[in-house]
$ cat coords_15.txt   # compact mmCIF, C-alpha atoms
# COMPACT_ATOMS: atom_id res chain seq x y z
CA MET A 1 -24.30 196.06 62.54
CA HIS A 2 -21.63 193.44 63.12
CA ARG A 3 -22.51 190.34 61.10
CA VAL A 4 -22.00 187.00 62.86
CA ILE A 5 -22.31 183.76 60.89
CA ALA A 6 -22.28 180.35 62.57
CA LEU A 7 -20.97 177.46 60.48
CA ALA A 8 -23.15 174.39 61.08
CA GLN A 9 -21.81 170.96 60.21
CA PRO A 10 -23.57 167.61 60.27
CA VAL A 11 -24.01 166.29 62.95
CA GLN A 12 -24.38 169.71 64.63
CA SER A 13 -24.32 170.02 68.40
CA THR A 14 -27.43 171.90 69.42
CA TYR A 15 -25.82 173.07 72.66
CA GLU A 16 -22.92 174.90 71.06
CA LEU A 17 -25.07 176.38 68.29
CA GLY A 18 -27.64 177.38 70.89
CA CYS A 19 -24.96 179.24 72.87
CA ALA A 20 -23.97 181.25 69.79
CA THR A 21 -27.62 181.94 69.01
CA GLU A 22 -28.31 183.19 72.55
CA VAL A 23 -25.29 185.49 72.58
CA PHE A 24 -25.54 186.93 69.07
CA GLY A 25 -28.98 186.14 67.68
CA THR A 26 -31.53 186.60 70.42
CA ILE A 27 -33.19 190.02 70.25
CA ARG A 28 -34.23 191.52 73.58
CA GLU A 29 -36.01 194.87 73.72
CA GLU A 30 -34.02 196.03 76.76
CA VAL A 31 -30.63 195.26 75.19
CA PRO A 32 -29.25 197.34 72.30
CA GLN A 33 -28.90 195.23 69.16
CA ARG A 34 -25.33 195.23 67.86
CA TYR A 35 -25.26 192.01 65.82
CA THR A 36 -27.01 190.27 63.00
CA PHE A 37 -26.84 186.50 63.21
CA GLU A 38 -27.22 183.77 60.62
CA VAL A 39 -26.33 180.12 60.25
CA CYS A 40 -24.70 178.63 57.17
CA THR A 41 -23.53 175.18 56.16
CA GLU A 42 -21.54 173.69 53.31
CA THR A 43 -24.59 172.22 51.60
CA PRO A 44 -27.78 174.18 52.36
CA GLY A 45 -30.75 172.08 53.37
CA PRO A 46 -31.28 169.56 56.14
CA VAL A 47 -28.54 169.33 58.78
CA PRO A 48 -28.84 166.54 61.36
CA THR A 49 -28.22 167.45 65.00
CA THR A 50 -26.95 165.65 68.08
CA SER A 51 -30.42 166.07 69.60
CA GLY A 52 -32.06 163.78 67.07
CA TYR A 53 -33.83 166.34 64.92
CA THR A 54 -32.86 167.87 61.62
CA MET A 55 -32.66 171.62 61.15
CA HIS A 56 -33.00 173.37 57.83
CA VAL A 57 -30.15 175.76 56.98
CA THR A 58 -30.73 178.00 53.98
CA HIS A 59 -27.34 179.73 53.64
CA GLY A 60 -24.28 178.16 52.05
CA LEU A 61 -20.60 178.92 52.54
CA SER A 62 -20.90 182.10 50.47
CA ALA A 63 -22.41 183.71 53.60
CA LEU A 64 -18.96 183.60 55.20
CA ALA A 65 -17.74 186.13 52.64
CA GLU A 66 -19.83 188.80 54.40
CA ALA A 67 -19.17 187.76 58.02
CA ASP A 68 -17.40 190.02 60.49
CA THR A 69 -17.22 187.07 62.88
CA VAL A 70 -17.43 183.37 62.01
CA VAL A 71 -18.44 181.03 64.84
CA ILE A 72 -17.65 177.33 64.60
CA PRO A 73 -20.03 175.86 67.20
CA GLY A 74 -18.65 172.41 67.91
CA TRP A 75 -17.50 169.72 65.54
CA ALA A 76 -19.17 166.37 64.95
CA SER A 77 -16.10 164.23 65.39
CA LEU A 78 -12.53 165.06 66.24
CA ASP A 79 -11.50 162.82 63.35
CA THR A 80 -13.77 164.50 60.81
CA PRO A 81 -11.60 166.39 58.31
CA LEU A 82 -12.53 169.74 56.84
CA SER A 83 -13.74 169.60 53.29
CA PRO A 84 -11.61 171.68 50.93
CA ALA A 85 -14.55 174.09 50.43
CA VAL A 86 -15.01 174.70 54.16
CA ARG A 87 -11.26 175.09 54.71
CA GLU A 88 -10.97 177.61 51.88
CA ALA A 89 -14.03 179.59 53.04
CA LEU A 90 -12.58 179.87 56.55
CA LEU A 91 -9.15 180.86 55.24
CA ARG A 92 -10.69 183.51 52.96
CA ALA A 93 -12.73 184.93 55.85
CA HIS A 94 -9.62 185.13 58.02
CA ALA A 95 -7.54 186.69 55.22
CA ARG A 96 -10.01 189.55 54.82
CA GLY A 97 -10.03 190.21 58.58
CA ALA A 98 -13.02 188.29 59.93
CA ARG A 99 -12.75 186.98 63.47
CA LEU A 100 -12.83 183.21 63.74
CA VAL A 101 -14.33 181.95 67.00
CA THR A 102 -14.86 178.38 68.16
CA ILE A 103 -16.95 176.77 70.85
CA CYS A 104 -15.78 173.48 72.38
CA GLY A 105 -14.80 170.95 69.68
CA GLY A 106 -14.99 173.62 66.98
CA VAL A 107 -11.37 174.34 67.80
CA PHE A 108 -10.40 171.11 66.00
CA ALA A 109 -12.00 172.37 62.79
CA LEU A 110 -10.15 175.67 63.10
CA ALA A 111 -6.89 173.83 63.83
CA ARG A 112 -7.31 171.95 60.56
CA THR A 113 -7.13 175.25 58.68
CA GLY A 114 -3.55 175.67 59.93
CA LEU A 115 -4.37 178.98 61.61
CA LEU A 116 -3.73 177.75 65.17

$ encode --input "coords_15.txt" --output "structure tokens"
Amino acid sequence: MHRVIALAQPVQSTYELGCATEVFGTIREEVPQRYTFEVCTETPGPVPTTSGYTMHVTHGLSALAEADTVVIPGWASLDTPLSPAVREALLRAHARGARLVTICGGVFALARTGLL
């Protein structure tokens, strides 16, 4: 199975994360399952969302070490810098061959790694 990990960041857009979940994480009996899907964040625990609720994310950045594909589903603010830990985790994932994919504003986070 191809392992997909979405990187959630406070304040996480529920739309972009929902898109990744629908594509990679929703199991349908009539569709062959080719992916496993998980969500991680820098600091596991409560992550506020743009929809006004908080979601609980149990996996930390170490989950990215096992990802075949990392999805960055949106980014809270275009001015929000990457923390050194997030930047290094993304760079390590890329260096070992993981695909890095963004949705909408997530491209700004990936650009801050210097990979674009």

$ closest_residue --input "coords_15.txt" --among "A:Val31, A:Val47, A:Leu91, A:Val4" --to "Ala63 in chain A" --atoms "only C-alpha atoms"
A:Val4

$ residues_around --input "coords_15.txt" --residues "Leu100 in chain A" --least-positions-apart "5" --cutoff "7 Å" --atoms "only C-alpha atoms" --output "VMD selection string"
chain A and resid 69 to 71 94

$ closest_residue --input "coords_15.txt" --among "A:His56, A:Arg92, A:Arg34, A:Arg28" --to "Gln12 in chain A" --atoms "only C-alpha atoms"
A:His56

$ atom_distance --input "coords_15.txt" --atom1 "CA of Leu116 in chain A" --atom2 "CA of Cys19 in chain A"
22.6 Å

$ closest_residue --input "coords_15.txt" --among "A:Thr43, A:Thr14, A:Thr113, A:Gln33" --to "Pro81 in chain A" --atoms "all atoms listed in the file"
A:Thr113

$ residues_around --input "coords_15.txt" --residues "Tyr35 in chain A" --least-positions-apart "4" --cutoff "7 Å" --atoms "all atoms listed in the file" --output "VMD selection string"
chain A and resid 1 to 4 24

$ closest_residue --input "coords_15.txt" --among "A:Ala98, A:Ala93, A:Val57, A:Gly74" --to "Tyr15 in chain A" --atoms "all atoms listed in the file"
A:Gly74

$ residues_around --input "coords_15.txt" --residues "Leu17 in chain A" --least-positions-apart "4" --cutoff "8 Å" --atoms "only C-alpha atoms" --output "PDB file with C-alpha atoms, in the coordinates of the input"
ATOM      1  CA  ALA A   6     -22.280 180.350  62.570  1.00  0.00           C
ATOM      2  CA  ALA A   8     -23.150 174.390  61.080  1.00  0.00           C
ATOM      3  CA  GLN A  12     -24.380 169.710  64.630  1.00  0.00           C
ATOM      4  CA  SER A  13     -24.320 170.020  68.400  1.00  0.00           C
ATOM      5  CA  THR A  21     -27.620 181.940  69.010  1.00  0.00           C
ATOM      6  CA  PRO A  73     -20.030 175.860  67.200  1.00  0.00           C
ATOM      7  CA  GLY A  74     -18.650 172.410  67.910  1.00  0.00           C
TER       8      GLY A  74
END

$ atom_distance --input "coords_15.txt" --atom1 "CA of Met55 in chain A" --atom2 "CA of Thr26 in chain A"
17.7 Å

$ closest_residue --input "coords_15.txt" --among "A:Ala109, A:Val101, A:Leu115, A:Leu64" --to "Ala76 in chain A" --atoms "all atoms listed in the file"
A:Ala109

$ residues_around --input "coords_15.txt" --residues "Thr80 in chain A" --least-positions-apart "2" --cutoff "10 Å" --atoms "all atoms listed in the file" --output "PyMOL selection string"
chain A and resi 75-78+82-83+108-109+112

$ closest_residue --input "coords_15.txt" --among "A:Ala65, A:Leu110, A:Val39, A:Ile103" --to "Glu16 in chain A" --atoms "all atoms listed in the file"
A:Ile103

$ atom_distance --input "coords_15.txt" --atom1 "CA of Ile72 in chain A" --atom2 "CA of Leu7 in chain A"
5.3 Å

$ decode --input "coords_15.txt" --residues "range 18-48 of chain A" --atoms "N, CA, C and O atoms" --output "CSV table (one decimal), in the first residue's frame"
chain,number,residue,atom,x,y,z
A,18,GLY,N,-10.2,18.0,3.7
A,18,GLY,CA,-11.3,17.1,3.2
A,18,GLY,C,-11.1,16.5,1.8
A,18,GLY,O,-11.4,15.4,1.6
A,19,CYS,N,-10.5,17.4,0.9
A,19,CYS,CA,-10.2,16.9,-0.4
A,19,CYS,C,-9.2,15.7,-0.4
A,19,CYS,O,-9.4,14.7,-1.0
A,20,ALA,N,-8.1,15.9,0.4
A,20,ALA,CA,-7.1,14.9,0.5
A,20,ALA,C,-7.7,13.6,1.1
A,20,ALA,O,-7.4,12.5,0.7
A,21,THR,N,-8.6,13.8,2.1
A,21,THR,CA,-9.2,12.6,2.8
A,21,THR,C,-10.1,11.9,1.8
A,21,THR,O,-10.1,10.6,1.7
A,22,GLU,N,-10.9,12.6,1.0
A,22,GLU,CA,-11.8,12.0,0.0
A,22,GLU,C,-11.0,11.2,-1.0
A,22,GLU,O,-11.4,10.1,-1.4
A,23,VAL,N,-9.9,11.7,-1.5
A,23,VAL,CA,-9.1,11.1,-2.6
A,23,VAL,C,-8.4,9.9,-2.0
A,23,VAL,O,-8.4,8.8,-2.7
A,24,PHE,N,-7.7,10.0,-0.9
A,24,PHE,CA,-6.8,9.0,-0.4
A,24,PHE,C,-7.3,8.2,0.8
A,24,PHE,O,-6.8,7.1,1.0
A,25,GLY,N,-8.2,8.7,1.5
A,25,GLY,CA,-8.6,8.1,2.8
A,25,GLY,C,-10.0,7.5,2.9
A,25,GLY,O,-10.3,6.7,3.8
A,26,THR,N,-10.8,7.7,1.9
A,26,THR,CA,-12.2,7.2,2.0
A,26,THR,C,-12.2,5.8,1.3
A,26,THR,O,-11.8,5.7,0.1
A,27,ILE,N,-12.6,4.8,2.1
A,27,ILE,CA,-12.7,3.4,1.6
A,27,ILE,C,-14.1,3.2,1.0
A,27,ILE,O,-15.1,3.4,1.7
A,28,ARG,N,-14.1,2.7,-0.2
A,28,ARG,CA,-15.3,2.4,-0.9
A,28,ARG,C,-15.2,0.9,-1.4
A,28,ARG,O,-14.2,0.6,-2.0
A,29,GLU,N,-16.2,0.1,-1.1
A,29,GLU,CA,-16.1,-1.3,-1.4
A,29,GLU,C,-15.9,-1.6,-2.9
A,29,GLU,O,-15.2,-2.5,-3.3
A,30,GLU,N,-16.5,-0.7,-3.7
A,30,GLU,CA,-16.4,-1.0,-5.2
A,30,GLU,C,-15.1,-0.4,-5.8
A,30,GLU,O,-14.9,-0.6,-7.0
A,31,VAL,N,-14.3,0.2,-5.0
A,31,VAL,CA,-13.0,0.8,-5.6
A,31,VAL,C,-11.8,0.1,-4.9
A,31,VAL,O,-11.8,0.0,-3.6
A,32,PRO,N,-10.9,-0.5,-5.6
A,32,PRO,CA,-9.7,-1.1,-5.0
A,32,PRO,C,-9.0,-0.2,-4.1
A,32,PRO,O,-8.8,1.0,-4.5
A,33,GLN,N,-8.6,-0.6,-3.0
A,33,GLN,CA,-7.8,0.3,-2.0
A,33,GLN,C,-6.4,0.2,-2.4
A,33,GLN,O,-5.7,-0.9,-2.3
A,34,ARG,N,-5.8,1.3,-2.7
A,34,ARG,CA,-4.4,1.4,-3.0
A,34,ARG,C,-3.5,2.3,-2.0
A,34,ARG,O,-2.3,2.3,-2.2
A,35,TYR,N,-4.2,3.0,-1.1
A,35,TYR,CA,-3.6,3.9,-0.3
A,35,TYR,C,-4.0,3.7,1.2
A,35,TYR,O,-5.1,3.3,1.5
A,36,THR,N,-3.0,4.0,2.1
A,36,THR,CA,-3.4,4.2,3.5
A,36,THR,C,-3.2,5.7,3.7
A,36,THR,O,-2.5,6.4,3.0
A,37,PHE,N,-4.0,6.2,4.6
A,37,PHE,CA,-4.1,7.7,4.8
A,37,PHE,C,-4.1,8.0,6.2
A,37,PHE,O,-4.8,7.4,7.0
A,38,GLU,N,-3.2,9.0,6.6
A,38,GLU,CA,-3.2,9.5,8.0
A,38,GLU,C,-2.9,11.0,8.0
A,38,GLU,O,-2.5,11.5,6.9
A,39,VAL,N,-3.2,11.6,9.1
A,39,VAL,CA,-2.9,13.0,9.3
A,39,VAL,C,-1.9,13.2,10.4
A,39,VAL,O,-2.0,12.5,11.4
A,40,CYS,N,-1.0,14.1,10.2
A,40,CYS,CA,0.0,14.4,11.2
A,40,CYS,C,0.1,15.9,11.4
A,40,CYS,O,-0.5,16.6,10.6
A,41,THR,N,0.7,16.3,12.5
A,41,THR,CA,0.9,17.7,12.7
A,41,THR,C,2.2,17.9,13.5
A,41,THR,O,2.7,16.9,14.1
A,42,GLU,N,2.7,19.1,13.6
A,42,GLU,CA,3.9,19.3,14.4
A,42,GLU,C,3.8,18.9,15.8
A,42,GLU,O,4.7,18.2,16.4
A,43,THR,N,2.7,19.3,16.5
A,43,THR,CA,2.5,19.0,17.9
A,43,THR,C,1.2,18.3,18.0
A,43,THR,O,0.1,18.9,17.9
A,44,PRO,N,1.3,16.9,18.2
A,44,PRO,CA,0.0,16.2,18.3
A,44,PRO,C,-0.9,16.7,19.3
A,44,PRO,O,-0.5,17.2,20.4
A,45,GLY,N,-2.2,16.6,19.0
A,45,GLY,CA,-3.2,17.1,20.0
A,45,GLY,C,-4.2,17.9,19.2
A,45,GLY,O,-4.5,17.7,18.0
A,46,PRO,N,-4.8,18.9,19.9
A,46,PRO,CA,-5.9,19.7,19.2
A,46,PRO,C,-5.3,20.6,18.2
A,46,PRO,O,-4.3,21.3,18.4
A,47,VAL,N,-6.0,20.6,17.0
A,47,VAL,CA,-5.6,21.5,15.9
A,47,VAL,C,-6.8,22.3,15.5
A,47,VAL,O,-7.8,21.7,15.1
A,48,PRO,N,-6.8,23.6,15.7
A,48,PRO,CA,-8.0,24.4,15.3
A,48,PRO,C,-8.2,24.4,13.8
A,48,PRO,O,-7.2,24.3,13.0
